[in-house]
Amino acid sequence: MGTHYVHHGGVPRAQSYAYVVPKYQLGVFIITNQSGDATAGAMESALAHIFDTVESMEIAK
């Protein structure tokens with residue numbers, strides 16, 4: 001995927017995850033009112049699927 005920027009953060013009972021990939025001029029931001037040990041991993045997994053799909057579309061060109 002090349003250069004990308006990621007930031008994860010949160011406060012009690014809320015978390016957010018930002019992911020930016022300049023190559024695709026694409027950024028995604030997720031915010032949730034859920035906060036637990038598995039929340040960050042779940043958000044990262046959701047984003048991975050999105051960016052895997054975008055990358056496969058680029059390869060198919």
# chains A, B, ... in the order shown; residues from 1 in each chain; ligands from 1
$ select_by_dssp --residues "chain A" --states "helix (DSSP H, G or I)" --output "PyMOL selection string"
chain A and resi 22-24+39-60
$ residues_around --residues "range 32-42 of chain A" --least-positions-apart "4" --cutoff "6 Å" --atoms "only C-alpha atoms" --output "ChimeraX atom specification"
/A:13-15
$ select_by_dssp --residues "chain A" --states "strand (DSSP E)" --output "PyMOL selection string"
chain A and resi 5-11+14-21+26-32
$ atom_distance --atom1 "CA of Val28 in chain A" --atom2 "CA of Asp52 in chain A"
13.3 Å
$ closest_atom_pairs --of "range 19-55 of chain A" --to "range 4-8 of chain A" --cutoff "10 Å" --atoms "only C-alpha atoms" --output "JSON lines"
{"residue": "A:Tyr19", "atom": "CA", "partner": "A:Val6", "partner_atom": "CA", "distance": 4.6}
{"residue": "A:Val20", "atom": "CA", "partner": "A:Tyr5", "partner_atom": "CA", "distance": 5.1}
{"residue": "A:Val21", "atom": "CA", "partner": "A:His4", "partner_atom": "CA", "distance": 4.6}
{"residue": "A:Pro22", "atom": "CA", "partner": "A:His4", "partner_atom": "CA", "distance": 6.7}
{"residue": "A:Lys23", "atom": "CA", "partner": "A:His4", "partner_atom": "CA", "distance": 8.3}
{"residue": "A:Tyr24", "atom": "CA", "partner": "A:His4", "partner_atom": "CA", "distance": 9.9}
{"residue": "A:Leu26", "atom": "CA", "partner": "A:His4", "partner_atom": "CA", "distance": 9.9}
{"residue": "A:Gly27", "atom": "CA", "partner": "A:Tyr5", "partner_atom": "CA", "distance": 9.1}
{"residue": "A:Val28", "atom": "CA", "partner": "A:Val6", "partner_atom": "CA", "distance": 9.8}
{"residue": "A:Phe29", "atom": "CA", "partner": "A:His7", "partner_atom": "CA", "distance": 9.4}
{"residue": "A:Ile30", "atom": "CA", "partner": "A:His8", "partner_atom": "CA", "distance": 9.5}
{"residue": "A:Ile31", "atom": "CA", "partner": "A:His8", "partner_atom": "CA", "distance": 9.8}
{"residue": "A:Ala40", "atom": "CA", "partner": "A:His8", "partner_atom": "CA", "distance": 7.6}
{"residue": "A:Met43", "atom": "CA", "partner": "A:His8", "partner_atom": "CA", "distance": 9.5}
{"residue": "A:Glu44", "atom": "CA", "partner": "A:His8", "partner_atom": "CA", "distance": 9.3}
$ atom_distance --atom1 "CA of Gly9 in chain A" --atom2 "CA of Ser56 in chain A"
28.4 Å
$ atom_distance --atom1 "CA of His49 in chain A" --atom2 "CA of Val11 in chain A"
25.3 Å
